[in-house]
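Raw contents of start.tsv, TSV, C-alpha atoms:
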chain	number	residue	atom	x	y	z
G	90	MET	CA	106.45	86.82	64.16
G	91	THR	CA	108.92	84.25	65.44
G	92	GLY	CA	109.15	80.52	65.66
G	93	SER	CA	111.46	77.70	66.64
G	94	PRO	CA	112.05	74.08	65.59
G	95	THR	CA	109.56	71.56	66.97
G	96	ALA	CA	110.82	69.18	69.61
G	97	ASP	CA	109.70	66.03	67.78
G	98	ARG	CA	111.02	67.00	64.34
G	99	PRO	CA	114.17	69.05	64.82
G	100	ASP	CA	115.34	71.03	61.82
G	101	ARG	CA	118.85	69.79	61.02
G	102	ARG	CA	119.84	72.77	58.91
G	103	ASP	CA	122.32	75.31	60.21
G	104	PRO	CA	120.32	77.20	62.87
G	105	LEU	CA	121.51	80.49	61.40
G	106	GLU	CA	119.81	79.64	58.12
G	107	ARG	CA	116.44	79.60	59.87
G	108	ARG	CA	116.76	83.31	60.64
G	109	ASP	CA	114.94	82.78	63.94
G	110	GLY	CA	111.63	82.02	62.29
G	111	ARG	CA	111.67	84.82	59.71
G	112	ASP	CA	111.72	82.58	56.60
G	113	GLY	CA	108.24	83.69	55.58
G	114	HIS	CA	109.22	87.33	55.38
G	115	ASP	CA	108.61	87.90	51.65
G	116	GLY	CA	109.42	90.95	49.55
G	117	HIS	CA	105.97	92.48	49.98
G	118	ASP	CA	106.15	92.30	53.76
G	119	LEU	CA	109.68	93.70	53.73
G	120	LEU	CA	108.71	96.60	51.50
G	121	ARG	CA	105.75	97.39	53.72
G	122	ALA	CA	107.96	97.38	56.83
G	123	ALA	CA	110.60	99.45	55.04
G	124	ALA	CA	108.05	102.02	53.89
G	125	ALA	CA	106.61	102.37	57.39
G	126	PHE	CA	110.06	102.89	58.92
G	127	LEU	CA	111.29	105.29	56.23
G	128	THR	CA	108.11	107.33	56.56
G	129	LEU	CA	108.60	107.49	60.35
G	130	HIS	CA	112.23	108.56	59.91
G	131	HIS	CA	111.40	111.29	57.41
G	132	THR	CA	108.47	112.52	59.50
G	133	GLU	CA	110.24	112.73	62.86
G	134	GLU	CA	113.48	114.08	61.44
G	135	ARG	CA	111.62	116.50	59.13
G	136	LEU	CA	113.34	115.22	56.01
G	137	GLY	CA	110.43	115.86	53.68
G	138	ASP	CA	108.58	113.45	51.41
G	139	PRO	CA	109.95	109.88	51.82
G	140	ALA	CA	108.66	108.75	48.41
G	141	ARG	CA	112.05	108.90	46.67
G	142	ARG	CA	113.79	106.97	49.47
G	143	ILE	CA	111.04	104.34	49.48
G	144	ALA	CA	111.38	103.96	45.72
G	145	VAL	CA	115.13	103.33	46.12
G	146	ALA	CA	114.44	100.71	48.79
G	147	ARG	CA	111.78	99.09	46.59
G	148	ALA	CA	114.20	98.77	43.70
G	149	GLU	CA	116.91	97.34	45.96
G	150	ILE	CA	114.50	94.79	47.44
G	151	ALA	CA	113.35	93.75	43.95
G	152	GLU	CA	116.95	93.19	42.86
G	153	THR	CA	118.54	91.67	45.99
G	154	GLY	CA	115.72	90.64	48.32
G	155	THR	CA	116.82	93.19	50.93
G	156	TYR	CA	117.95	96.80	51.26
G	157	ARG	CA	120.61	98.70	53.18
G	158	HIS	CA	119.93	101.42	55.72
G	159	THR	CA	121.89	104.63	55.57
G	160	THR	CA	123.99	105.46	58.63
G	161	GLU	CA	121.43	108.07	59.64
G	162	GLU	CA	118.60	105.55	59.36
G	163	LEU	CA	120.53	103.02	61.41
G	164	VAL	CA	121.16	105.54	64.19
G	165	PHE	CA	117.54	106.69	64.21
G	166	GLY	CA	116.24	103.11	64.17
G	167	ALA	CA	118.45	101.96	67.05
G	168	ARG	CA	117.43	104.93	69.18
G	169	VAL	CA	113.72	104.56	68.48
G	170	ALA	CA	113.96	100.83	69.24
G	171	TRP	CA	115.14	101.83	72.72
G	172	ARG	CA	112.31	104.34	72.97
G	173	ASN	CA	109.88	101.54	72.13
G	174	ALA	CA	111.23	99.05	74.70
G	175	ASN	CA	108.24	98.27	76.93
G	176	ARG	CA	110.33	96.65	79.66
G	177	CYS	CA	112.90	99.42	80.06
G	178	ILE	CA	112.44	102.06	82.77
G	179	GLY	CA	115.49	104.05	81.62
G	180	ARG	CA	114.25	105.42	78.31
G	181	LEU	CA	114.49	109.10	79.15
G	182	TYR	CA	117.85	109.30	77.41
G	183	TRP	CA	116.95	107.28	74.31
G	184	HIS	CA	118.08	110.05	71.99
G	185	SER	CA	121.61	110.00	73.47
G	186	LEU	CA	122.31	106.38	72.44
G	187	ARG	CA	125.65	106.23	70.60
G	188	VAL	CA	125.70	103.91	67.60
G	189	ARG	CA	128.78	102.06	66.33
G	190	ASP	CA	128.12	101.00	62.75
G	191	ARG	CA	130.02	97.74	62.22
G	192	ARG	CA	127.77	96.25	59.57
G	193	ASP	CA	130.87	95.24	57.63
G	194	VAL	CA	131.79	92.72	60.36
G	195	ARG	CA	130.66	89.11	59.96
G	196	ASP	CA	133.59	86.95	61.11
G	197	ALA	CA	133.27	85.56	64.64
G	198	LYS	CA	136.73	86.68	65.72
G	199	ASP	CA	136.12	90.23	64.48
G	200	VAL	CA	132.74	90.31	66.23
G	201	ALA	CA	134.39	89.26	69.50
G	202	GLU	CA	137.12	91.90	69.18
G	203	ALA	CA	134.62	94.63	68.34
G	204	SER	CA	132.46	93.55	71.29
G	205	ALA	CA	135.44	93.94	73.62
G	206	ASP	CA	135.99	97.41	72.14
G	207	HIS	CA	132.33	98.13	72.82
G	208	LEU	CA	132.81	97.32	76.50
G	209	ARG	CA	135.92	99.50	76.73
G	210	GLU	CA	134.16	102.46	75.12
G	211	ALA	CA	131.00	101.98	77.20
G	212	SER	CA	132.86	101.94	80.53
G	213	ARG	CA	135.76	104.34	80.08
G	214	ASP	CA	136.70	106.00	83.41
G	215	GLY	CA	133.68	104.36	85.08
G	216	ARG	CA	131.27	106.73	83.38
G	217	ILE	CA	128.92	104.31	81.65
G	218	ARG	CA	127.73	105.44	78.23
G	219	ALA	CA	124.61	104.20	76.44
G	220	LEU	CA	126.06	102.42	73.41
G	221	ILE	CA	125.14	99.95	70.68
G	222	THR	CA	127.35	98.14	68.17
G	223	VAL	CA	125.49	96.91	65.11
G	224	PHE	CA	127.02	94.00	63.17
G	225	ALA	CA	126.03	92.58	59.79
G	226	PRO	CA	122.29	92.00	59.24
G	227	ASP	CA	120.51	88.92	58.02
G	228	ALA	CA	120.17	88.85	54.24
G	229	PRO	CA	118.70	86.29	51.83
G	230	GLY	CA	121.03	83.29	51.88
G	231	ARG	CA	123.52	85.10	54.10
G	232	PRO	CA	122.61	85.29	57.79
G	233	GLY	CA	124.40	87.73	60.02
G	234	PRO	CA	126.58	86.60	62.94
G	235	ARG	CA	125.11	85.52	66.27
G	236	ILE	CA	126.36	86.17	69.80
G	237	TRP	CA	125.14	83.29	71.93
G	238	ASN	CA	125.64	85.03	75.28
G	239	GLU	CA	122.63	86.76	76.79
G	240	GLN	CA	124.92	89.65	77.75
G	241	LEU	CA	128.48	90.40	76.70
G	242	ILE	CA	129.55	89.91	80.32
G	243	ARG	CA	128.09	87.00	82.24
G	244	TYR	CA	129.45	84.86	85.07
G	245	ALA	CA	129.91	81.14	84.64
G	246	GLY	CA	127.75	78.59	86.42
G	247	TYR	CA	129.60	75.33	87.11
G	248	ALA	CA	127.35	72.36	87.85
G	249	ARG	CA	128.67	70.50	90.91
G	250	PRO	CA	128.75	66.66	90.86
G	251	GLY	CA	126.67	66.45	94.03
G	252	GLY	CA	124.11	68.98	92.84
G	253	GLY	CA	123.93	72.74	92.89
G	254	VAL	CA	125.95	75.29	90.95
G	255	THR	CA	129.06	77.31	91.70
G	256	GLY	CA	128.51	80.76	90.22
G	257	ASP	CA	125.40	81.89	88.38
G	258	PRO	CA	122.86	79.09	87.81
G	259	ARG	CA	121.29	81.12	85.00
G	260	ASN	CA	124.39	80.49	82.90
G	261	ALA	CA	124.95	76.80	83.69
G	262	GLY	CA	123.80	75.68	80.24
G	263	LEU	CA	125.97	78.15	78.37
G	264	THR	CA	128.90	77.31	80.64
G	265	ALA	CA	128.55	73.62	79.82
G	266	LEU	CA	128.37	74.45	76.12
G	267	ALA	CA	131.49	76.60	76.36
G	268	ARG	CA	133.31	73.68	77.97
G	269	ARG	CA	132.19	71.36	75.14
G	270	LEU	CA	133.57	73.89	72.68
G	271	GLY	CA	136.94	73.71	74.40
G	272	TRP	CA	136.89	76.49	76.97
G	273	PRO	CA	139.01	75.23	79.89
G	274	GLY	CA	136.98	77.12	82.46
G	275	GLY	CA	138.10	79.74	84.93
G	276	PRO	CA	139.47	79.42	88.46
G	277	GLY	CA	136.13	78.04	89.64
G	278	SER	CA	135.07	81.09	91.63
G	279	PRO	CA	131.46	82.30	91.81
G	280	PHE	CA	132.39	85.17	89.49
G	281	ASP	CA	134.37	83.71	86.59
G	282	VAL	CA	133.68	85.74	83.44
G	283	LEU	CA	132.34	83.56	80.64
G	284	PRO	CA	133.94	83.74	77.21
G	285	LEU	CA	132.00	85.21	74.34
G	286	ILE	CA	130.49	82.53	72.13
G	287	VAL	CA	130.08	83.84	68.59
G	288	GLN	CA	128.88	82.09	65.45
G	289	SER	CA	129.38	83.11	61.84
G	290	ALA	CA	127.11	81.81	59.09
G	291	GLY	CA	128.01	78.25	58.15
G	292	ASP	CA	130.51	77.83	60.99
G	293	ARG	CA	130.51	76.22	64.40
G	294	PRO	CA	130.24	78.63	67.33
G	295	ARG	CA	133.62	79.67	68.72
G	296	TRP	CA	134.63	80.93	72.15
G	297	PHE	CA	136.71	84.03	72.81
G	298	THR	CA	138.08	85.16	76.17
G	299	LEU	CA	137.19	88.75	77.02
G	300	PRO	CA	140.36	90.77	77.73
G	301	GLU	CA	140.66	91.88	81.35
G	302	ASP	CA	140.72	95.56	80.39
G	303	ALA	CA	137.31	95.17	78.73
G	304	VAL	CA	135.57	93.92	81.90
G	305	LEU	CA	135.03	96.60	84.51
G	306	GLU	CA	133.92	95.06	87.82
G	307	VAL	CA	133.00	96.55	91.20
G	308	ALA	CA	133.88	94.78	94.46
G	309	LEU	CA	130.97	95.06	96.88
G	310	THR	CA	131.42	96.50	100.35
G	311	HIS	CA	128.97	97.93	102.88
G	312	PRO	CA	128.85	101.41	104.43
G	313	GLU	CA	128.55	100.01	107.98
G	314	HIS	CA	129.73	96.38	108.02
G	315	PRO	CA	133.50	95.90	107.46
G	316	TRP	CA	133.04	92.11	107.22
G	317	TRP	CA	131.04	92.53	104.01
G	318	ARG	CA	134.24	92.81	101.98
G	319	SER	CA	135.29	89.30	103.05
G	320	LEU	CA	132.26	87.86	101.24
G	321	GLY	CA	134.10	88.40	97.96
G	322	LEU	CA	131.02	89.72	96.15
G	323	ARG	CA	131.33	91.73	92.97
G	324	TRP	CA	129.45	92.59	89.81
G	325	HIS	CA	130.29	93.89	86.38
G	326	ALA	CA	129.54	97.49	85.49
G	327	VAL	CA	128.09	97.27	81.96
G	328	PRO	CA	124.77	95.47	81.33
G	329	ALA	CA	125.35	94.92	77.60
G	330	LEU	CA	122.49	92.85	76.17
G	331	ALA	CA	123.75	90.70	73.31
G	332	GLY	CA	121.06	88.15	72.51
G	333	MET	CA	118.30	90.42	71.23
G	334	CYS	CA	117.70	91.16	67.56
G	335	LEU	CA	117.50	94.79	66.48
G	336	GLU	CA	114.69	94.97	63.93
G	337	ILE	CA	114.51	98.12	61.82
G	338	GLY	CA	112.18	98.44	58.85
G	339	GLY	CA	111.98	94.69	58.30
G	340	ILE	CA	115.76	94.16	58.54
G	341	CYS	CA	117.02	91.92	61.35
G	342	TYR	CA	120.38	92.71	62.95
G	343	PRO	CA	120.83	89.56	65.08
G	344	ALA	CA	124.11	90.72	66.67
G	345	ALA	CA	123.66	94.21	68.04
G	346	PRO	CA	124.90	94.38	71.66
G	347	PHE	CA	123.67	97.46	73.47
G	348	ASN	CA	123.84	98.86	76.98
G	349	GLY	CA	122.64	101.57	79.27
G	350	TRP	CA	123.73	101.49	82.88
G	351	TYR	CA	122.59	99.47	85.85
G	352	MET	CA	119.80	100.32	88.22
G	353	GLY	CA	121.04	99.03	91.57
G	354	THR	CA	118.06	96.74	92.12
G	355	GLU	CA	118.90	94.75	88.97
G	356	ILE	CA	122.02	93.58	90.79
G	357	GLY	CA	121.00	93.68	94.45
G	358	ALA	CA	117.38	92.54	94.21
G	359	ARG	CA	117.59	90.15	91.28
G	360	ASN	CA	121.01	88.91	90.15
G	361	LEU	CA	122.42	88.38	93.64
G	362	ALA	CA	119.18	87.79	95.54
G	363	ASP	CA	116.87	85.63	93.44
G	364	ALA	CA	116.57	82.08	94.74
G	365	ASP	CA	117.41	80.67	91.30
G	366	ARG	CA	120.43	82.95	90.92
G	367	TYR	CA	123.01	83.65	93.67
G	368	ASP	CA	120.42	83.30	96.47
G	369	LEU	CA	122.41	85.39	98.96
G	370	LEU	CA	119.61	86.45	101.30
G	371	PRO	CA	119.78	83.48	103.73
G	372	HIS	CA	123.54	83.82	104.11
G	373	LEU	CA	123.40	87.60	104.54
G	374	ALA	CA	120.58	87.32	107.07
G	375	ASP	CA	122.69	84.93	109.11
G	376	ARG	CA	125.69	87.27	109.03
G	377	LEU	CA	123.44	90.21	109.96
G	378	GLY	CA	122.05	88.28	112.95
G	379	LEU	CA	118.46	88.34	111.74
G	380	ASP	CA	115.76	85.97	112.98
G	381	THR	CA	115.11	83.63	110.05
G	382	ARG	CA	112.77	81.25	111.85
G	383	SER	CA	109.71	82.91	110.32
G	384	ASP	CA	109.15	85.08	107.27
G	385	ARG	CA	107.04	87.33	109.52
G	386	SER	CA	110.25	88.76	110.95
G	387	LEU	CA	110.80	90.24	107.47
G	388	TRP	CA	114.37	89.00	107.49
G	389	LYS	CA	114.33	88.67	103.70
G	390	ASP	CA	113.24	92.29	103.31
G	391	ARG	CA	115.89	93.57	105.72
G	392	ALA	CA	118.67	91.55	104.09
G	393	LEU	CA	117.49	92.68	100.67
G	394	VAL	CA	117.71	96.35	101.62
G	395	GLU	CA	121.23	95.93	102.98
G	396	LEU	CA	122.33	94.11	99.84
G	397	ASN	CA	120.98	96.93	97.70
G	398	ARG	CA	122.64	99.52	99.93
G	399	SER	CA	125.88	97.63	99.36
G	400	VAL	CA	125.53	97.82	95.59
G	401	LEU	CA	124.85	101.57	95.48
G	402	HIS	CA	127.54	102.31	98.07
G	403	SER	CA	130.16	100.25	96.22
G	404	PHE	CA	129.47	101.64	92.75
G	405	ASP	CA	129.53	105.19	94.13
G	406	ARG	CA	132.84	104.59	95.92
G	407	ALA	CA	134.32	103.12	92.74
G	408	GLY	CA	133.14	106.07	90.67
G	409	VAL	CA	131.05	103.83	88.41
G	410	THR	CA	127.68	104.92	87.05
G	411	VAL	CA	124.65	103.33	88.70
G	412	THR	CA	121.17	104.65	89.35
G	413	ASP	CA	118.66	103.88	92.09
G	414	HIS	CA	115.05	102.87	91.67
G	415	HIS	CA	113.60	106.03	93.20
G	416	THR	CA	115.54	108.32	90.87
G	417	GLU	CA	114.84	106.18	87.82
G	418	SER	CA	111.12	106.05	88.56
G	419	LEU	CA	110.96	109.85	88.53
G	420	ARG	CA	112.95	109.94	85.30
G	421	PHE	CA	110.52	107.52	83.70
G	422	LEU	CA	107.59	109.79	84.52
G	423	THR	CA	109.53	112.65	82.94
G	424	HIS	CA	109.94	110.47	79.86
G	425	LEU	CA	106.20	109.82	79.78
G	426	ASP	CA	105.45	113.53	79.98
G	427	ARG	CA	107.90	114.38	77.19
G	428	GLU	CA	106.56	111.73	74.88
G	429	GLU	CA	102.93	112.64	75.53
G	430	ARG	CA	103.67	116.27	74.73
G	431	LYS	CA	105.01	115.10	71.38
G	432	GLY	CA	101.84	113.10	70.76
G	433	ARG	CA	103.51	109.70	71.12
G	434	ARG	CA	101.95	106.91	73.19
G	435	VAL	CA	104.41	105.18	75.49
G	436	GLY	CA	104.13	101.44	75.91
G	437	ALA	CA	105.24	99.91	79.19
G	438	ASP	CA	105.04	96.57	80.98
G	439	TRP	CA	104.02	97.34	84.59
G	440	SER	CA	105.67	94.19	85.93
G	441	TRP	CA	109.03	95.33	84.56
G	442	ILE	CA	108.74	99.08	85.14
G	443	VAL	CA	107.90	98.80	88.86
G	444	PRO	CA	111.14	98.14	90.82
G	445	PRO	CA	111.58	94.75	92.53
G	446	ILE	CA	111.89	96.37	95.98
G	447	SER	CA	109.83	99.15	97.57
G	448	GLY	CA	107.57	99.25	94.53
G	449	SER	CA	104.74	101.19	96.18
G	450	ALA	CA	107.24	103.77	97.43
G	451	THR	CA	107.94	104.78	93.83
G	452	PRO	CA	105.57	106.85	91.65
G	453	VAL	CA	105.60	104.34	88.77
G	454	PHE	CA	103.66	101.89	90.95
G	455	HIS	CA	100.56	104.06	91.20
G	456	ARG	CA	99.45	104.11	87.59
G	457	THR	CA	98.64	101.74	84.76
G	458	TYR	CA	100.35	101.29	81.39
G	459	GLU	CA	99.56	99.85	78.00
G	460	THR	CA	101.89	97.34	76.37
G	461	VAL	CA	102.17	99.02	72.98
G	462	GLU	CA	104.18	97.00	70.46
G	463	ARG	CA	105.98	99.25	68.02
G	464	HIS	CA	108.85	99.01	65.56
G	465	PRO	CA	111.77	99.53	65.33
G	466	ALA	CA	112.28	97.18	68.28
G	467	TYR	CA	114.69	94.97	70.18
G	468	VAL	CA	113.21	91.49	69.92
G	469	HIS	CA	113.78	88.25	71.83
G	470	HIS	CA	113.67	85.47	69.24
G	471	PRO	CA	113.07	81.99	70.72
G	472	GLU	CA	116.20	80.53	69.17
G	473	ALA	CA	118.33	83.33	70.63
G	474	LEU	CA	116.94	82.55	74.07
G	475	ALA	CA	117.73	78.86	73.52
G	476	ARG	CA	121.26	79.72	72.47
G	477	ALA	CA	121.78	81.73	75.65
G	478	ARG	CA	120.77	78.63	77.62
G	479	GLY	CA	123.22	76.51	75.61
G	480	GLU	CA	120.38	74.44	74.21
G	481	ILE	CA	120.99	74.68	70.47
G	482	ASP	CA	123.94	72.41	69.81
G	483	GLU	CA	122.94	70.09	66.97
G	484	ILE	CA	125.85	71.40	64.90
G	485	LEU	CA	128.20	70.16	67.62
G	486	VAL	CA	127.01	66.55	67.37
Rewrite the structure from the file as structure tokens, please.
Amino acid sequence: MTGSPTADRPDRRDPLERRDGRDGHDGHDLLRAAAAFLTLHHTEERLGDPARRIAVARAEIAETGTYRHTTEELVFGARVAWRNANRCIGRLYWHSLRVRDRRDVRDAKDVAEASADHLREASRDGRIRALITVFAPDAPGRPGPRIWNEQLIRYAGYARPGGGVTGDPRNAGLTALARRLGWPGGPGSPFDVLPLIVQSAGDRPRWFTLPEDAVLEVALTHPEHPWWRSLGLRWHAVPALAGMCLEIGGICYPAAPFNGWYMGTEIGARNLADADRYDLLPHLADRLGLDTRSDRSLWKDRALVELNRSVLHSFDRAGVTVTDHHTESLRFLTHLDREERKGRRVGADWSWIVPPISGSATPVFHRTYETVERHPAYVHHPEALARARGEIDEILV
């Protein structure tokens, strides 16, 4: 379905014009995808025979090369795309996803401002709401805007002259790109919030500082160790994915940031603990007085548990929504039961559904799943992944 420029013969056109490998999507394919989606919408929502709506879409495609979803179709499509997300354990509440229809927005500055509004609305009073903002779609000869950031909120990774990275190594490429675009950088702490990098069709990408009131962060403390606060650890409250394309009925919405809420292990067992991210386990083990001479002492496991306790404890004290992997595993099984009762197969990727700590202590570990690819869907296009790494910069040369 997707493609990317070859390394030996780079495509010098505006990357947005390539539509992330969807150039071969002709009218017949689009009509077929539209008909399948519109039939699904009418069937599940009990709207009757979809033939008339399909005929309208067919005529629109014949005249313009694309068609426009109604607001109701957009809401349904965004919610079902969440329901279809094989890697997401938190799909029980898919039907509660709130949809902000901003398909009129194409300009980079307006996208950045609306994205900041998204974060404010998603995190008001610390009660995180599942939310998506859908910007202008791709259309023939008129691509929609792109948000280069993997998530609306990410921390900078500053490459040090002597090697290593201050901050999040995952974002070192995007940080370097932001600097080339003119971003002066932050204070140089491990948790400097990156600017949003947004690109409109035909324009260079531009950077926009997120307003402070749009970025809710939680300082990490520990229920038993007062010294933990002095580590200066924190994390942002809203995991708003921004680099995935929302595909509904053959239409690609390349800028459609969406969020649920964090499961504690995403922060404590991955973002802060992975060796290629913040790699905090050796330092924490030292502060905790653990024997690190051999892995058989399980010092990594013990430090990992304390780090995850810190995350849950801190979010709870701050009154910010977070879930734990035991609770979310039970909720996922409830989701499976509900969907099966409705006659719908649930696709799931076992390696993503099983939590990164204490996997066998959760019920999702002890069963198998099928990876069922369905549409509507949130899709990782290769060029979007490259943008998030700061790798697509031929227009800057």
Report as a Markdown table: every residue of region 374-436 of chain G with an atom at most 8 Å from region 343-363 of chain G, its closest pair of atoms, and their distance in Å to one decimal, counting all atoms listed in the file, with rows sorted by chain and ascending residue number.
| residue | atom | partner | partner_atom | distance |
| --- | --- | --- | --- | --- |
| G:Leu393 | CA | G:Ala358 | CA | 6.5 |
| G:Leu396 | CA | G:Gly357 | CA | 5.6 |
| G:Asn397 | CA | G:Gly357 | CA | 4.6 |
| G:Ser399 | CA | G:Gly357 | CA | 8.0 |
| G:Val400 | CA | G:Gly353 | CA | 6.1 |
| G:Leu401 | CA | G:Gly353 | CA | 6.0 |
| G:Thr410 | CA | G:Trp350 | CA | 6.7 |
| G:Val411 | CA | G:Tyr351 | CA | 5.2 |
| G:Thr412 | CA | G:Met352 | CA | 4.7 |
| G:Asp413 | CA | G:Met352 | CA | 5.4 |
| G:His414 | CA | G:Met352 | CA | 6.4 |
| G:Glu417 | CA | G:Met352 | CA | 7.7 |
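If all atoms listed in the file are the atoms counted, then among G:Leu263, G:Cys341, G:Leu377, G:Val282 the closest residue to Pro232 (chain G) is G:Cys341.
Between Glu134 (chain G) and the residues G:Glu162, G:Ala122, G:Thr460, G:Asp405, the shortest atom-to-atom distance, using all atoms listed in the file, involves G:Glu162.
For the choices G:Pro465, G:Pro294, G:Gly275, G:Gly321, the atom-to-atom distance to Val200 (chain G) is smallest for G:Pro294 when using only C-alpha atoms.
From CA of Leu120 (chain G) back to CA of Ala144 (chain G), the distance works out to 9.7 Å.
The space separating CA of Ala450 (chain G) from CA of Val394 (chain G) comes to 13.5 Å.
Between CA of Gly253 (chain G) and CA of Asp380 (chain G) the interatomic distance comes to 25.4 Å.
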Task: 10 Å contact set for Ser440 (chain G), all atoms listed in the file, chain neighbours under 5 positions out, as a PyMOL selection string - done: chain G and resi 176+445+454+458
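Closest approach to Asp292 (chain G) among G:Asp390, G:Val194, G:Arg235, G:Gly116 is made by G:Arg235 (distances from all atoms listed in the file).
Taking only C-alpha atoms into account, those protein, DNA and RNA residues with any atom at most 8 Å away from (120.7, 97.5, 62.0) amount to His158, Leu163, Gly166, Ala167, Arg192, Val223, Phe224, Ala225, Pro226, Leu335, Glu336, Ile337, Ile340, Cys341, Tyr342 and Ala345 of chain G.
Nearest-residue note for Ser449 (chain G): choosing from G:Val435, G:Asp384, G:His415, G:Arg420, the minimum distance belongs to G:His415, counting all atoms listed in the file.
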- [ ] Find the spatial neighbours of Gln240 (chain G), counting all atoms listed in the file, within a cut-off of 8 Å - ignore same-chain residues fewer than 6 positions away - and output them as a ChimeraX atom specification.
- [x] /G:328-332,346
Open item on the list: Measuring between all atoms listed in the file, which one of G:Gly479, G:Gly339, G:Pro371, G:Gly271 shows the shortest distance to Phe126 (chain G)?
Closed with: G:Gly339
Task: Within 12 Å of Ala125 (chain G) using all atoms listed in the file, minus same-chain residues under 4 positions, as JSON, numbers by chain - done: {"G": [118, 119, 120, 121, 129, 130, 131, 132, 139, 140, 142, 143, 146, 166, 337, 338, 339, 463, 464, 465]}
TODO: Might you pull out every residue within 7 Å of Pro258 (chain G), with all atoms listed in the file counted and same-chain residues fewer than 2 positions away left off, and present them as an MDAnalysis selection string?
DONE: chainID G and resid 246 254 256 260:261 365:366
With the input short on atoms, add N, CA, C and O atoms back to region 235-246 of chain G and write it as a PDB file, in the frame of the given file.
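File produced: selection-v4.pdb:
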ATOM      1  N   ARG G 235     125.867  85.640  65.025  1.00  0.00           N
ATOM      2  CA  ARG G 235     125.110  85.520  66.270  1.00  0.00           C
ATOM      3  C   ARG G 235     126.063  85.534  67.459  1.00  0.00           C
ATOM      4  O   ARG G 235     127.110  84.881  67.423  1.00  0.00           O
ATOM      5  N   ILE G 236     125.688  86.261  68.502  1.00  0.00           N
ATOM      6  CA  ILE G 236     126.360  86.170  69.800  1.00  0.00           C
ATOM      7  C   ILE G 236     125.467  85.326  70.687  1.00  0.00           C
ATOM      8  O   ILE G 236     124.319  85.680  70.929  1.00  0.00           O
ATOM      9  N   TRP G 237     125.970  84.203  71.156  1.00  0.00           N
ATOM     10  CA  TRP G 237     125.140  83.290  71.930  1.00  0.00           C
ATOM     11  C   TRP G 237     124.874  83.807  73.342  1.00  0.00           C
ATOM     12  O   TRP G 237     123.831  83.521  73.930  1.00  0.00           O
ATOM     13  N   ASN G 238     125.797  84.552  73.908  1.00  0.00           N
ATOM     14  CA  ASN G 238     125.640  85.030  75.280  1.00  0.00           C
ATOM     15  C   ASN G 238     124.440  85.961  75.399  1.00  0.00           C
ATOM     16  O   ASN G 238     124.173  86.774  74.518  1.00  0.00           O
ATOM     17  N   GLU G 239     123.743  85.863  76.509  1.00  0.00           N
ATOM     18  CA  GLU G 239     122.630  86.760  76.790  1.00  0.00           C
ATOM     19  C   GLU G 239     123.125  88.196  76.945  1.00  0.00           C
ATOM     20  O   GLU G 239     122.487  89.143  76.487  1.00  0.00           O
ATOM     21  N   GLN G 240     124.256  88.358  77.628  1.00  0.00           N
ATOM     22  CA  GLN G 240     124.920  89.650  77.750  1.00  0.00           C
ATOM     23  C   GLN G 240     126.400  89.446  77.424  1.00  0.00           C
ATOM     24  O   GLN G 240     126.925  88.342  77.546  1.00  0.00           O
ATOM     25  N   LEU G 241     127.061  90.528  77.024  1.00  0.00           N
ATOM     26  CA  LEU G 241     128.480  90.400  76.700  1.00  0.00           C
ATOM     27  C   LEU G 241     129.271  89.910  77.908  1.00  0.00           C
ATOM     28  O   LEU G 241     130.228  89.151  77.764  1.00  0.00           O
ATOM     29  N   ILE G 242     128.883  90.362  79.099  1.00  0.00           N
ATOM     30  CA  ILE G 242     129.550  89.910  80.320  1.00  0.00           C
ATOM     31  C   ILE G 242     128.544  89.106  81.143  1.00  0.00           C
ATOM     32  O   ILE G 242     127.487  89.618  81.520  1.00  0.00           O
ATOM     33  N   ARG G 243     128.883  87.864  81.368  1.00  0.00           N
ATOM     34  CA  ARG G 243     128.090  87.000  82.240  1.00  0.00           C
ATOM     35  C   ARG G 243     129.054  86.138  83.046  1.00  0.00           C
ATOM     36  O   ARG G 243     130.163  85.824  82.587  1.00  0.00           O
ATOM     37  N   TYR G 244     128.621  85.720  84.230  1.00  0.00           N
ATOM     38  CA  TYR G 244     129.450  84.860  85.070  1.00  0.00           C
ATOM     39  C   TYR G 244     129.085  83.397  84.864  1.00  0.00           C
ATOM     40  O   TYR G 244     127.909  83.046  84.733  1.00  0.00           O
ATOM     41  N   ALA G 245     130.108  82.565  84.875  1.00  0.00           N
ATOM     42  CA  ALA G 245     129.910  81.140  84.640  1.00  0.00           C
ATOM     43  C   ALA G 245     129.111  80.502  85.772  1.00  0.00           C
ATOM     44  O   ALA G 245     129.109  80.977  86.915  1.00  0.00           O
ATOM     45  N   GLY G 246     128.437  79.416  85.431  1.00  0.00           N
ATOM     46  CA  GLY G 246     127.750  78.590  86.420  1.00  0.00           C
ATOM     47  C   GLY G 246     128.213  77.157  86.256  1.00  0.00           C
ATOM     48  O   GLY G 246     127.870  76.492  85.266  1.00  0.00           O
TER      49      GLY G 246
END
